[in-house]
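Asks: Sharing upload_11.txt (compact mmCIF, C-alpha atoms) below.
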```txt
# COMPACT_ATOMS: atom_id res chain seq x y z
CA MET V 1 11.07 -49.34 38.19
CA PRO V 2 13.00 -52.49 37.47
CA HIS V 3 12.35 -53.65 40.98
CA PHE V 4 14.08 -55.98 43.36
CA LEU V 5 13.79 -59.06 41.18
CA ASN V 6 15.71 -57.50 38.31
CA ASN V 7 18.26 -56.17 40.73
CA ILE V 8 19.30 -59.36 42.45
CA TYR V 9 19.93 -61.45 39.35
CA THR V 10 23.22 -59.83 38.31
CA PRO V 11 26.21 -60.42 40.62
CA PRO V 12 27.15 -57.23 42.47
CA SER V 13 29.59 -54.94 40.68
CA PRO V 14 30.42 -51.34 41.53
CA LEU V 15 31.42 -50.62 37.92
CA LEU V 16 29.17 -50.04 34.96
CA PRO V 17 29.57 -52.67 32.24
CA PRO V 18 31.62 -51.19 29.37
CA GLU V 19 28.94 -51.89 26.77
CA LEU V 20 26.54 -49.59 28.66
CA LYS V 21 28.86 -46.69 29.45
CA HIS V 22 28.26 -44.71 26.26
CA PHE V 23 24.97 -44.28 24.48
CA SER V 24 22.98 -41.33 23.25
CA PHE V 25 20.10 -40.32 21.03
CA SER V 26 20.23 -38.04 18.02
CA PHE V 27 17.22 -36.12 16.78
CA SER V 28 17.60 -34.97 13.19
CA GLY V 29 14.95 -33.98 10.68
CA HIS V 30 12.13 -36.49 10.65
CA THR V 31 14.18 -39.46 11.79
CA THR V 32 15.16 -40.63 15.23
CA MET V 33 18.39 -42.60 15.19
CA VAL V 34 19.21 -44.80 18.14
CA ILE V 35 22.94 -44.84 18.87
CA ALA V 36 24.18 -47.46 21.32
CA THR V 37 27.98 -47.44 21.29
CA ASN V 38 29.46 -50.90 21.85
CA LEU V 39 26.05 -52.25 22.86
CA HIS V 40 25.98 -56.01 22.51
CA HIS V 41 23.26 -57.22 20.17
CA HIS V 42 22.17 -59.94 22.53
CA LEU V 43 21.87 -57.66 25.56
CA LEU V 44 18.82 -55.76 24.39
CA LEU V 45 17.23 -56.64 21.08
CA SER V 46 18.17 -60.24 20.37
CA GLN V 47 16.13 -63.34 20.96
CA THR V 48 18.90 -65.77 20.04
CA HIS V 49 19.39 -68.91 22.08
CA ASN V 50 21.54 -68.49 25.18
CA SER V 51 23.48 -71.67 25.82
CA LYS V 52 23.72 -70.84 29.52
CA ASP V 53 19.97 -71.18 29.92
CA PRO V 54 18.57 -74.70 29.76
CA LYS V 55 15.74 -74.69 27.24
CA PRO V 56 13.00 -77.25 27.72
CA GLN V 57 12.24 -79.38 24.70
CA GLY V 58 8.86 -80.17 23.22
CA GLY V 59 6.26 -82.75 24.14
CA GLY V 60 6.38 -84.67 27.41
CA GLU V 61 9.88 -83.46 28.24
CA GLU V 62 8.66 -79.85 28.19
CA GLU V 63 5.79 -80.67 30.53
CA GLU V 64 8.17 -82.48 32.86
CA GLU V 65 10.52 -79.46 32.94
CA GLU V 66 7.62 -77.16 33.74
CA GLU V 67 6.48 -79.43 36.57
CA LYS V 68 10.01 -79.39 38.00
CA LEU V 69 10.06 -75.60 37.77
CA ILE V 70 6.76 -75.22 39.59
CA THR V 71 7.93 -77.63 42.28
CA LEU V 72 11.13 -75.63 42.77
CA ILE V 73 9.29 -72.30 42.86
CA THR V 74 6.79 -73.70 45.37
CA GLN V 75 9.63 -74.85 47.61
CA LEU V 76 11.26 -71.41 47.44
CA TYR V 77 7.91 -69.77 48.12
CA ASN V 78 7.37 -71.90 51.23
CA THR V 79 10.79 -70.90 52.55
CA ILE V 80 10.39 -67.20 51.70
CA SER V 81 6.91 -66.97 53.19
CA ASN V 82 8.24 -68.31 56.51
CA LEU V 83 11.08 -65.82 56.81
CA PRO V 84 10.85 -63.58 59.89
CA SER V 85 11.74 -60.54 57.77
CA LEU V 86 12.12 -59.55 54.13
CA HIS V 87 14.62 -56.79 54.83
CA PRO V 88 17.90 -57.13 52.88
CA SER V 89 20.09 -59.85 54.33
CA PRO V 90 22.30 -62.67 52.98
CA GLN V 91 19.48 -65.18 53.42
CA VAL V 92 16.84 -63.00 51.76
CA ASN V 93 19.15 -62.11 48.88
CA SER V 94 20.14 -65.74 48.35
CA LEU V 95 16.55 -66.99 48.24
CA PHE V 96 15.38 -64.34 45.79
CA THR V 97 18.45 -64.88 43.63
CA SER V 98 17.55 -68.57 43.42
CA LEU V 99 13.96 -67.67 42.57
CA VAL V 100 14.93 -65.32 39.76
CA SER V 101 17.53 -67.73 38.38
CA ALA V 102 14.87 -70.43 38.18
CA CYS V 103 12.57 -68.16 36.17
CA ILE V 104 15.13 -66.92 33.62
CA PRO V 105 15.03 -69.86 31.11
CA SER V 106 12.36 -69.88 28.45
CA TYR V 107 9.25 -72.00 29.00
CA PRO V 108 7.27 -71.13 25.85
CA SER V 109 4.10 -73.04 26.68
CA LEU V 110 3.91 -71.84 30.29
CA SER V 111 1.06 -69.39 30.83
CA LEU V 112 -1.44 -68.40 33.48
CA SER V 113 -4.07 -70.60 31.84
CA SER V 114 -1.80 -73.64 32.23
CA LEU V 115 -1.47 -73.27 36.01
CA SER V 116 -3.62 -75.08 38.57
CA PRO V 117 -5.76 -73.04 40.99
CA SER V 118 -3.37 -73.81 43.86
CA THR V 119 -0.36 -72.71 41.80
CA LEU V 120 -2.15 -69.51 40.78
CA SER V 121 -2.86 -68.76 44.44
CA MET V 122 0.76 -69.41 45.38
CA ARG V 123 1.96 -67.16 42.54
CA SER V 124 -0.27 -64.30 43.66
CA HIS V 125 1.12 -64.38 47.19
CA LEU V 126 4.68 -64.82 45.93
CA ILE V 127 4.45 -61.63 43.83
CA SER V 128 3.20 -59.81 46.92
CA LEU V 129 6.21 -61.04 48.89
CA CYS V 130 8.51 -59.96 46.09
CA SER V 131 6.95 -56.51 46.12
CA SER V 132 7.53 -56.18 49.87
CA ALA V 133 11.13 -57.35 49.61
CA GLU V 134 11.80 -54.88 46.82
CA SER V 135 10.36 -52.04 48.86
CA PHE V 136 12.70 -52.80 51.76
CA LEU V 137 15.67 -52.99 49.39
CA GLU V 138 14.84 -49.64 47.81
CA LEU V 139 14.34 -47.97 51.18
CA HIS V 140 17.76 -49.18 52.32
CA TYR V 141 19.60 -47.89 49.27
CA SER V 142 17.63 -44.66 49.11
CA SER V 143 18.86 -43.81 52.60
CA LEU V 144 22.42 -44.81 51.74
CA LEU V 145 22.50 -42.78 48.52
CA LEU V 146 21.02 -39.77 50.29
CA GLN V 147 23.90 -39.75 52.77
CA LEU V 148 26.44 -40.11 49.96
CA SER V 149 24.90 -37.32 47.89
CA LEU V 150 24.95 -34.95 50.88
CA THR V 151 28.72 -35.16 50.94
CA SER V 152 29.11 -34.04 47.32
CA SER V 153 25.88 -32.19 46.40
CA SER V 154 25.51 -34.63 43.54
CA LEU V 155 23.59 -37.89 43.22
CA LEU V 156 24.49 -39.30 39.80
CA PRO V 157 28.13 -40.23 40.53
CA HIS V 158 27.02 -42.39 43.47
CA LEU V 159 24.33 -44.44 41.69
CA PRO V 160 26.69 -47.33 40.80
CA VAL V 161 26.94 -47.99 44.55
CA PHE V 162 23.65 -49.77 44.07
CA PRO V 163 25.01 -53.23 43.20
CA TYR V 164 22.52 -53.98 40.41
CA PHE V 165 22.48 -50.58 38.76
CA SER V 166 23.41 -52.06 35.38
CA ASN V 167 20.03 -53.81 35.17
CA TYR V 168 18.29 -50.45 35.39
CA LEU V 169 20.52 -49.21 32.60
CA SER V 170 19.59 -52.19 30.44
CA LEU V 171 15.84 -51.90 30.90
CA SER V 172 15.81 -48.11 30.46
CA LEU V 173 17.85 -48.38 27.27
CA LEU V 174 15.55 -51.09 25.96
CA GLU V 175 12.44 -48.98 26.62
CA SER V 176 13.99 -45.87 25.10
CA SER V 177 15.08 -47.78 22.00
CA LEU V 178 11.53 -49.04 21.49
CA LEU V 179 10.02 -45.60 22.14
CA PHE V 180 12.28 -43.68 19.80
CA SER V 181 11.28 -45.91 16.91
CA HIS V 182 7.81 -44.37 17.31
CA LEU V 183 8.56 -40.82 18.48
CA LEU V 184 9.75 -37.90 16.44
CA HIS V 185 10.61 -35.82 19.48
CA PRO V 186 10.90 -36.47 23.22
CA PRO V 187 7.78 -35.27 25.06
CA PRO V 188 8.31 -32.26 27.33
CA LEU V 189 6.37 -33.82 30.22
CA ILE V 190 6.57 -37.50 31.27
CA ALA V 191 4.77 -39.38 34.07
CA PHE V 192 6.20 -42.40 35.86
CA LEU V 193 3.58 -44.33 37.86
CA GLY V 194 5.02 -46.39 40.72
CA SER V 195 8.39 -44.66 41.13
CA GLY V 196 9.02 -45.84 44.71
CA PRO V 197 11.53 -44.51 47.26
CA LEU V 198 14.49 -45.14 44.94
CA PRO V 199 13.40 -43.79 41.52
CA LEU V 200 16.31 -45.17 39.52
CA SER V 201 14.28 -45.69 36.35
CA SER V 202 13.18 -42.05 36.27
CA ILE V 203 16.67 -40.84 37.13
CA ILE V 204 18.26 -42.85 34.30
CA LEU V 205 15.56 -41.95 31.80
CA ALA V 206 15.80 -38.25 32.69
CA SER V 207 19.58 -38.04 32.71
CA ARG V 208 20.42 -40.31 29.76
CA HIS V 209 17.46 -40.60 27.41
CA PHE V 210 15.16 -37.60 27.96
CA PRO V 211 17.53 -34.81 29.04
CA SER V 212 15.10 -32.02 28.13
CA SER V 213 11.95 -33.57 29.63
CA THR V 214 10.38 -33.02 33.04
CA PHE V 215 9.35 -36.11 35.02
CA HIS V 216 6.38 -36.30 37.38
CA ASN V 217 6.77 -39.37 39.58
CA PHE V 218 3.70 -40.85 41.24
CA ASP V 219 3.54 -43.33 44.11
CA ILE V 220 0.70 -44.31 46.39
CA ASP V 221 3.00 -44.40 49.45
CA PRO V 222 3.69 -40.92 50.91
CA SER V 223 6.87 -42.14 52.61
CA ALA V 224 8.18 -43.33 49.22
CA THR V 225 7.57 -39.98 47.51
CA SER V 226 9.08 -38.14 50.49
CA LYS V 227 12.29 -40.19 50.43
CA ALA V 228 12.58 -40.00 46.64
CA SER V 229 12.08 -36.24 46.66
CA ALA V 230 14.73 -35.75 49.34
CA LEU V 231 17.14 -37.95 47.40
CA VAL V 232 16.82 -36.10 44.08
CA ALA V 233 16.81 -32.66 45.72
CA ASN V 234 20.55 -32.99 46.33
CA ASP V 235 21.36 -33.14 42.62
CA SER V 236 20.97 -29.79 40.87
CA SER V 237 20.99 -31.41 37.44
CA LEU V 238 17.82 -33.38 38.27
CA ALA V 239 15.94 -31.45 40.95
CA SER V 240 14.46 -28.89 38.56
CA ARG V 241 13.10 -31.62 36.26
CA MET V 242 11.77 -34.13 38.81
CA GLU V 243 8.59 -33.81 40.86
CA PHE V 244 7.21 -36.41 43.27
CA ILE V 245 3.49 -36.75 43.88
CA THR V 246 1.58 -39.02 46.25
CA ALA V 247 -1.41 -40.45 44.40
CA ASP V 248 -3.16 -43.69 43.46
CA ALA V 249 -2.40 -44.51 39.84
CA SER V 250 -6.08 -45.25 39.27
CA ALA V 251 -7.19 -41.84 40.61
CA ILE V 252 -4.90 -39.24 38.98
CA GLY V 253 -7.67 -37.96 36.73
CA ASP V 254 -7.48 -35.28 34.04
CA ARG V 255 -3.95 -34.33 35.01
CA LEU V 256 -2.90 -37.28 32.86
CA ARG V 257 -3.84 -35.31 29.74
CA SER V 258 -0.73 -33.16 30.16
CA TYR V 259 1.71 -36.07 29.70
CA GLY V 260 2.99 -37.08 26.28
CA LEU V 261 4.43 -40.29 27.74
CA VAL V 262 3.43 -42.42 30.73
CA PHE V 263 5.44 -45.29 32.22
CA LEU V 264 3.50 -47.90 34.21
CA ALA V 265 5.75 -49.81 36.64
CA ALA V 266 5.37 -53.59 36.81
CA LEU V 267 4.15 -53.71 40.41
CA VAL V 268 1.46 -51.05 40.11
CA GLY V 269 -1.54 -53.30 40.57
CA LEU V 270 -0.40 -56.71 41.78
CA GLU V 271 -3.59 -58.46 40.67
CA LYS V 272 -4.86 -58.50 37.09
CA GLU V 273 -8.08 -56.74 38.11
CA GLN V 274 -6.14 -53.93 39.83
CA LYS V 275 -3.91 -53.46 36.79
CA ALA V 276 -6.95 -53.42 34.51
CA ARG V 277 -8.51 -50.62 36.57
CA VAL V 278 -5.33 -48.57 36.22
CA VAL V 279 -5.18 -49.11 32.45
CA GLU V 280 -8.87 -48.22 32.12
CA HIS V 281 -8.23 -45.01 34.06
CA LEU V 282 -5.29 -44.15 31.81
CA SER V 283 -7.40 -44.82 28.73
CA ARG V 284 -10.10 -42.42 29.95
CA HIS V 285 -7.78 -39.59 30.95
CA MET V 286 -4.61 -39.69 28.80
CA ALA V 287 -4.51 -37.40 25.78
CA PRO V 288 -5.13 -38.93 22.34
CA GLY V 289 -1.81 -39.83 20.77
CA ALA V 290 0.08 -39.98 24.07
CA MET V 291 2.45 -42.93 24.53
CA LEU V 292 2.22 -45.60 27.23
CA VAL V 293 5.02 -47.98 28.31
CA VAL V 294 3.84 -50.98 30.34
CA ARG V 295 6.22 -53.33 32.14
CA SER V 296 4.96 -56.90 32.18
CA ALA V 297 6.26 -60.47 32.41
CA HIS V 298 6.32 -63.51 30.14
CA GLY V 299 6.79 -67.27 30.56
CA ALA V 300 8.22 -68.34 33.91
CA ARG V 301 8.84 -64.70 34.79
CA MET V 302 5.13 -64.45 35.55
CA PHE V 303 6.04 -65.86 38.98
CA LEU V 304 7.96 -62.63 39.60
CA TYR V 305 5.66 -59.96 38.14
CA PRO V 306 2.05 -59.48 37.09
CA VAL V 307 1.28 -60.27 33.45
CA MET V 308 -0.19 -57.74 31.04
CA GLU V 309 -1.06 -58.83 27.53
CA PRO V 310 -1.46 -56.48 24.55
CA ALA V 311 -5.16 -57.35 24.47
CA ASP V 312 -5.49 -55.95 28.00
CA LEU V 313 -4.60 -52.44 26.80
CA LYS V 314 -8.09 -51.44 25.72
CA GLY V 315 -8.21 -47.94 24.32
CA PHE V 316 -4.59 -48.14 23.16
CA GLU V 317 -2.91 -49.11 19.90
CA VAL V 318 -0.11 -51.55 20.68
CA LEU V 319 3.02 -50.61 18.72
CA SER V 320 5.77 -52.87 20.09
CA VAL V 321 6.05 -55.89 22.36
CA TYR V 322 9.38 -57.26 23.57
CA HIS V 323 10.08 -60.26 25.81
CA PRO V 324 13.74 -60.33 26.95
CA ASP V 325 15.51 -63.64 27.46
CA ASP V 326 18.48 -62.24 29.37
CA GLU V 327 18.92 -60.65 32.81
CA VAL V 328 16.28 -58.00 32.07
CA ILE V 329 13.24 -59.57 33.68
CA ASN V 330 10.42 -57.31 32.54
CA SER V 331 8.69 -57.54 29.21
CA VAL V 332 7.96 -54.17 27.63
CA ILE V 333 4.80 -53.09 25.80
CA VAL V 334 4.74 -49.75 23.98
CA ALA V 335 1.28 -48.41 23.06
CA ARG V 336 -0.38 -45.21 21.95
CA LYS V 337 -3.67 -43.76 23.15
CA ILE V 338 -6.26 -44.08 20.41
CA GLY V 339 -8.18 -41.02 19.38
CA ALA V 340 -6.22 -38.89 16.91
CA ALA V 341 -3.80 -39.23 14.06
CA VAL V 342 -0.27 -38.67 15.34
CA GLU V 343 2.86 -37.97 13.37
CA SER V 344 5.34 -40.67 14.28
CA CYS V 345 8.53 -42.33 13.16
CA LYS V 346 7.78 -45.37 11.01
CA CYS V 347 5.67 -47.21 13.58
CA ARG V 348 5.59 -50.94 13.05
CA GLU V 349 1.98 -51.67 13.98
CA GLY V 350 1.36 -55.32 14.68
CA LYS V 351 5.04 -56.25 14.44
CA LYS V 352 6.59 -57.52 17.64
CA MET V 353 10.02 -56.37 18.61
CA GLU V 354 11.07 -59.89 19.47
CA GLU V 355 11.00 -60.57 15.74
CA MET V 356 13.53 -57.83 15.12
CA GLY V 357 17.24 -57.39 15.66
CA LEU V 358 19.19 -54.28 16.57
CA GLU V 359 20.36 -53.90 12.95
CA GLU V 360 16.77 -53.71 11.73
CA LEU V 361 15.92 -51.11 14.34
CA HIS V 362 18.84 -49.01 13.11
CA SER V 363 17.96 -49.48 9.44
CA GLU V 364 14.38 -48.30 9.98
CA ALA V 365 15.37 -45.32 12.07
```
Mind turning this structure into structure tokens?
Replies:
Amino acid sequence: MPHFLNNIYTPPSPLLPPELKHFSFSFSGHTTMVIATNLHHHLLLSQTHNSKDPKPQGGGEEEEEEEKLITLITQLYNTISNLPSLHPSPQVNSLFTSLVSACIPSYPSLSLSSLSPSTLSMRSHLISLCSSAESFLELHYSSLLLQLSLTSSSLLPHLPVFPYFSNYLSLSLLESSLLFSHLLHPPPLIAFLGSGPLPLSSIILASRHFPSSTFHNFDIDPSATSKASALVANDSSLASRMEFITADASAIGDRLRSYGLVFLAALVGLEKEQKARVVEHLSRHMAPGAMLVVRSAHGARMFLYPVMEPADLKGFEVLSVYHPDDEVINSVIVARKIGAAVESCKCREGKKMEEMGLEELHSEA
């Protein structure tokens, strides 16, 4: 799911932003048309310059800006790693907000290969701390939303209580827009790997983008699947289409062949080697032609999430790659399992979504 780091970047607001209140998908004939009413171009599919974000310049100035960034992130890491607890609190929220804000601007030449061994080690531990903090945040809000849903026998109306709900809306809409440029029809069965105790991504995808699909949500932590299952059980509109399963993403096996679409959460496999094992497992067991959505990170955002490159998706044909430059932290890679010819909707093989605008997406649909 879009995890703690996405969630803390947007200032809290109990109301959904107006540009995200109304959107739907229409399936007609052999064309999938993405309809996003009042959706701002820049929010999802634009890579235009944002004047709010300081952009480092070329040459020595760029290197100097990157050095300043790494110094700042290291200072924040030292403070975060010495906290007595990562449970939600004003201090924890403030520190992670500062961390995310530092990583939002574009640093085009920054990559894992450009980091020193000590910085790489710091980054690895920092991502682990972020993962722990996110888990505590999700546990807190899962419990709160459960209590609220018990009073009304419905979960969906209470979701905006989560203060950063709009970020989940943005990322889910982005992923769905990319997917429906390659899909003729929504798959009947979808897997989400790494759903956590607060499965907001699956809930939004199921209720807004895939209303006829069934979601199987996997998490390695039995307490996470237990809390998520209890939460969704109180909403009759979702309970019949959501199942929660405790399993290691790299050990699901042949069951993966039944899914037409698999989402791989950003923090499933914190280290590159762990992520590679998961992808290799998916490649061996997913059905030919099935779709895979991988959440990754790019530029300075690699200090927040593990990085997956298109070349890492062995056994898959990469269809779309998109690196946001707004409050959506995760990059998105859409790929298809190699092995059979699949009827699809004007796939743009080899063309990256960051080269495209929303108008072009609409015109090709």
Asks: Measuring atom to atom with all atoms listed in the file, identify which of V:Glu175, V:Glu309, V:Glu64, V:Glu134 is nearest to V:Ser111.
Replies: V:Glu309
Asks: Between atom CA of V:Gly339 and atom CA of V:Ile252, what is the distance, to one decimal in Å?
Replies: 20.0 Å
Asks: Counting only C-alpha atoms, which residues sit no farther than 6 Å from the position (12.2, -39.3, 35.5) in the file's frame? I'd like them as a PyMOL selection string.
Replies: chain V and resi 202-203+205-206+215
Asks: What are the closest atom pairs, with distances in Å to one decimal, for all residues of stretch 84-187 of chain V lying within 12 Å of stretch 224-229 of chain V? Consider only C-alpha atoms, order rows by chain and residue number, and present the result as CSV.
Replies:
```
residue,atom,partner,partner_atom,distance
V:Ser135,CA,V:Ala224,CA,9.0
V:Phe136,CA,V:Ala224,CA,10.8
V:Glu138,CA,V:Ala224,CA,9.3
V:Leu139,CA,V:Ala224,CA,8.0
V:His140,CA,V:Lys227,CA,10.7
V:Tyr141,CA,V:Lys227,CA,10.7
V:Ser142,CA,V:Lys227,CA,7.1
V:Ser143,CA,V:Lys227,CA,7.8
V:Leu144,CA,V:Lys227,CA,11.2
V:Leu145,CA,V:Ala228,CA,10.5
V:Leu146,CA,V:Lys227,CA,8.7
V:Gln147,CA,V:Lys227,CA,11.9
V:Leu155,CA,V:Ala228,CA,11.7
```
Asks: Let me see the file: selected residues, C-alpha atoms, as a compact mmCIF listing (two decimals), in the coordinates of the input.
Replies:
```
# COMPACT_ATOMS: atom_id res chain seq x y z
CA SER V 135 10.36 -52.04 48.86
CA PHE V 136 12.70 -52.80 51.76
CA GLU V 138 14.84 -49.64 47.81
CA LEU V 139 14.34 -47.97 51.18
CA HIS V 140 17.76 -49.18 52.32
CA TYR V 141 19.60 -47.89 49.27
CA SER V 142 17.63 -44.66 49.11
CA SER V 143 18.86 -43.81 52.60
CA LEU V 144 22.42 -44.81 51.74
CA LEU V 145 22.50 -42.78 48.52
CA LEU V 146 21.02 -39.77 50.29
CA GLN V 147 23.90 -39.75 52.77
CA LEU V 155 23.59 -37.89 43.22
```
Asks: If we count all atoms listed in the file, what is near V:Lys314 at a cut-off of 9 Å, once residues fewer than 3 positions away on the same chain are taken out, given as a PyMOL selection string?
Replies: chain V and resi 279-280+283+310-311+317
Asks: Is there a way to get, as a ChimeraX atom specification, all residues within 7 Å of the point (-1.5, -50.8, 28.8) in file coordinates, counting all atoms listed in the file?
Replies: /V:279,292,294,312-313,316,335
Asks: Closest to V:Ser132 among V:Leu112, V:Leu270, V:Leu72, V:Leu174, using only C-alpha atoms?
Replies: V:Leu270
Asks: Can you measure atom CA of V:Leu86 to atom CA of V:Cys130 for me? One decimal in Å is fine.
Replies: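 Result for atom CA of V:Leu86 versus atom CA of V:Cys130: 8.8 Å, one decimal.
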Asks: Using all atoms listed in the file, which residues sit within 6 Å of stretch 179-196 of chain V once same-chain residues fewer than 4 positions away are excluded, as a list of chain:residue names?
Replies: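 Once the nearby chain positions are removed, what remains is V:Ser213, V:Thr214, V:Phe215, V:His216, V:Asn217, V:Phe218, V:Asp219, V:Ala224, V:Tyr259, V:Gly260, V:Leu261, V:Val262, V:Phe263, V:Leu264, V:Ala265, V:Val268, V:Ser344, V:Cys345, V:Cys347.
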Asks: Kindly indicate which residue among V:Ser106, V:Asn82, V:Asn330, V:Asn234 lies nearest to V:Thr151, using all atoms listed in the file for the distances.
Replies: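 Once distances to V:Thr151 are computed over all atoms listed in the file, the minimum belongs to V:Asn234.
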Asks: Could you jot down the atom CA of V:Leu115 to atom CA of V:Ala133 separation for me, Å, one decimal place?
Replies: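 The value is 24.4 Å.
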Asks: Counting only C-alpha atoms, which residue out of V:Leu120, V:Ser172, V:Pro163, V:Val328 sits closest to V:Ile104?
Replies: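 Smallest separation from V:Ile104 among the options: V:Val328.
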Asks: Please determine, counting all atoms listed in the file, which residue among V:Met122, V:Ile73, V:Ala266, V:Leu282 has the shortest atom-to-atom distance to V:Arg336.
Replies: V:Leu282
Asks: Pick the closest to V:Ser101 from V:Ile338, V:Leu173, V:Val278, V:Ile329: which is it, counting only C-alpha atoms?
Replies: V:Ile329
Asks: Please output stretch 252-267 of chain V, rebuilt to include N, CA, C and O atoms, as a PDB file, in the coordinates of the input.
Replies:
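Result file result06.pdb:
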```
ATOM      1  N   ILE V 252      -5.619 -40.480  39.313  1.00  0.00           N
ATOM      2  CA  ILE V 252      -4.900 -39.240  38.980  1.00  0.00           C
ATOM      3  C   ILE V 252      -5.799 -38.266  38.236  1.00  0.00           C
ATOM      4  O   ILE V 252      -5.701 -37.050  38.398  1.00  0.00           O
ATOM      5  N   GLY V 253      -6.674 -38.794  37.388  1.00  0.00           N
ATOM      6  CA  GLY V 253      -7.670 -37.960  36.730  1.00  0.00           C
ATOM      7  C   GLY V 253      -7.145 -37.199  35.522  1.00  0.00           C
ATOM      8  O   GLY V 253      -6.203 -37.620  34.848  1.00  0.00           O
ATOM      9  N   ASP V 254      -7.752 -36.032  35.263  1.00  0.00           N
ATOM     10  CA  ASP V 254      -7.480 -35.280  34.040  1.00  0.00           C
ATOM     11  C   ASP V 254      -6.060 -34.736  33.967  1.00  0.00           C
ATOM     12  O   ASP V 254      -5.624 -34.289  32.901  1.00  0.00           O
ATOM     13  N   ARG V 255      -5.342 -34.747  35.059  1.00  0.00           N
ATOM     14  CA  ARG V 255      -3.950 -34.330  35.010  1.00  0.00           C
ATOM     15  C   ARG V 255      -3.156 -35.172  34.026  1.00  0.00           C
ATOM     16  O   ARG V 255      -2.149 -34.724  33.470  1.00  0.00           O
ATOM     17  N   LEU V 256      -3.591 -36.394  33.792  1.00  0.00           N
ATOM     18  CA  LEU V 256      -2.900 -37.280  32.860  1.00  0.00           C
ATOM     19  C   LEU V 256      -2.869 -36.727  31.442  1.00  0.00           C
ATOM     20  O   LEU V 256      -1.989 -37.099  30.660  1.00  0.00           O
ATOM     21  N   ARG V 257      -3.785 -35.840  31.100  1.00  0.00           N
ATOM     22  CA  ARG V 257      -3.840 -35.310  29.740  1.00  0.00           C
ATOM     23  C   ARG V 257      -2.613 -34.462  29.401  1.00  0.00           C
ATOM     24  O   ARG V 257      -2.345 -34.202  28.229  1.00  0.00           O
ATOM     25  N   SER V 258      -1.885 -34.026  30.407  1.00  0.00           N
ATOM     26  CA  SER V 258      -0.730 -33.160  30.160  1.00  0.00           C
ATOM     27  C   SER V 258       0.531 -33.933  29.809  1.00  0.00           C
ATOM     28  O   SER V 258       1.536 -33.330  29.418  1.00  0.00           O
ATOM     29  N   TYR V 259       0.503 -35.269  29.921  1.00  0.00           N
ATOM     30  CA  TYR V 259       1.710 -36.070  29.700  1.00  0.00           C
ATOM     31  C   TYR V 259       1.728 -36.670  28.300  1.00  0.00           C
ATOM     32  O   TYR V 259       0.778 -37.334  27.887  1.00  0.00           O
ATOM     33  N   GLY V 260       2.836 -36.469  27.595  1.00  0.00           N
ATOM     34  CA  GLY V 260       2.990 -37.080  26.280  1.00  0.00           C
ATOM     35  C   GLY V 260       3.447 -38.520  26.354  1.00  0.00           C
ATOM     36  O   GLY V 260       3.368 -39.254  25.370  1.00  0.00           O
ATOM     37  N   LEU V 261       3.924 -38.930  27.537  1.00  0.00           N
ATOM     38  CA  LEU V 261       4.430 -40.290  27.740  1.00  0.00           C
ATOM     39  C   LEU V 261       4.203 -40.689  29.189  1.00  0.00           C
ATOM     40  O   LEU V 261       4.498 -39.913  30.096  1.00  0.00           O
ATOM     41  N   VAL V 262       3.678 -41.887  29.390  1.00  0.00           N
ATOM     42  CA  VAL V 262       3.430 -42.420  30.730  1.00  0.00           C
ATOM     43  C   VAL V 262       4.086 -43.791  30.839  1.00  0.00           C
ATOM     44  O   VAL V 262       3.891 -44.656  29.976  1.00  0.00           O
ATOM     45  N   PHE V 263       4.877 -43.979  31.899  1.00  0.00           N
ATOM     46  CA  PHE V 263       5.440 -45.290  32.220  1.00  0.00           C
ATOM     47  C   PHE V 263       4.614 -45.909  33.346  1.00  0.00           C
ATOM     48  O   PHE V 263       4.338 -45.252  34.354  1.00  0.00           O
ATOM     49  N   LEU V 264       4.248 -47.174  33.189  1.00  0.00           N
ATOM     50  CA  LEU V 264       3.500 -47.900  34.210  1.00  0.00           C
ATOM     51  C   LEU V 264       4.396 -49.005  34.767  1.00  0.00           C
ATOM     52  O   LEU V 264       4.708 -49.984  34.079  1.00  0.00           O
ATOM     53  N   ALA V 265       4.836 -48.851  36.017  1.00  0.00           N
ATOM     54  CA  ALA V 265       5.750 -49.810  36.640  1.00  0.00           C
ATOM     55  C   ALA V 265       5.073 -51.172  36.787  1.00  0.00           C
ATOM     56  O   ALA V 265       3.845 -51.282  36.886  1.00  0.00           O
ATOM     57  N   ALA V 266       5.888 -52.215  36.838  1.00  0.00           N
ATOM     58  CA  ALA V 266       5.370 -53.590  36.810  1.00  0.00           C
ATOM     59  C   ALA V 266       4.521 -53.914  38.030  1.00  0.00           C
ATOM     60  O   ALA V 266       3.577 -54.699  37.937  1.00  0.00           O
ATOM     61  N   LEU V 267       4.856 -53.348  39.184  1.00  0.00           N
ATOM     62  CA  LEU V 267       4.150 -53.710  40.410  1.00  0.00           C
ATOM     63  C   LEU V 267       3.075 -52.712  40.814  1.00  0.00           C
ATOM     64  O   LEU V 267       2.623 -52.701  41.961  1.00  0.00           O
TER      65      LEU V 267
END
```
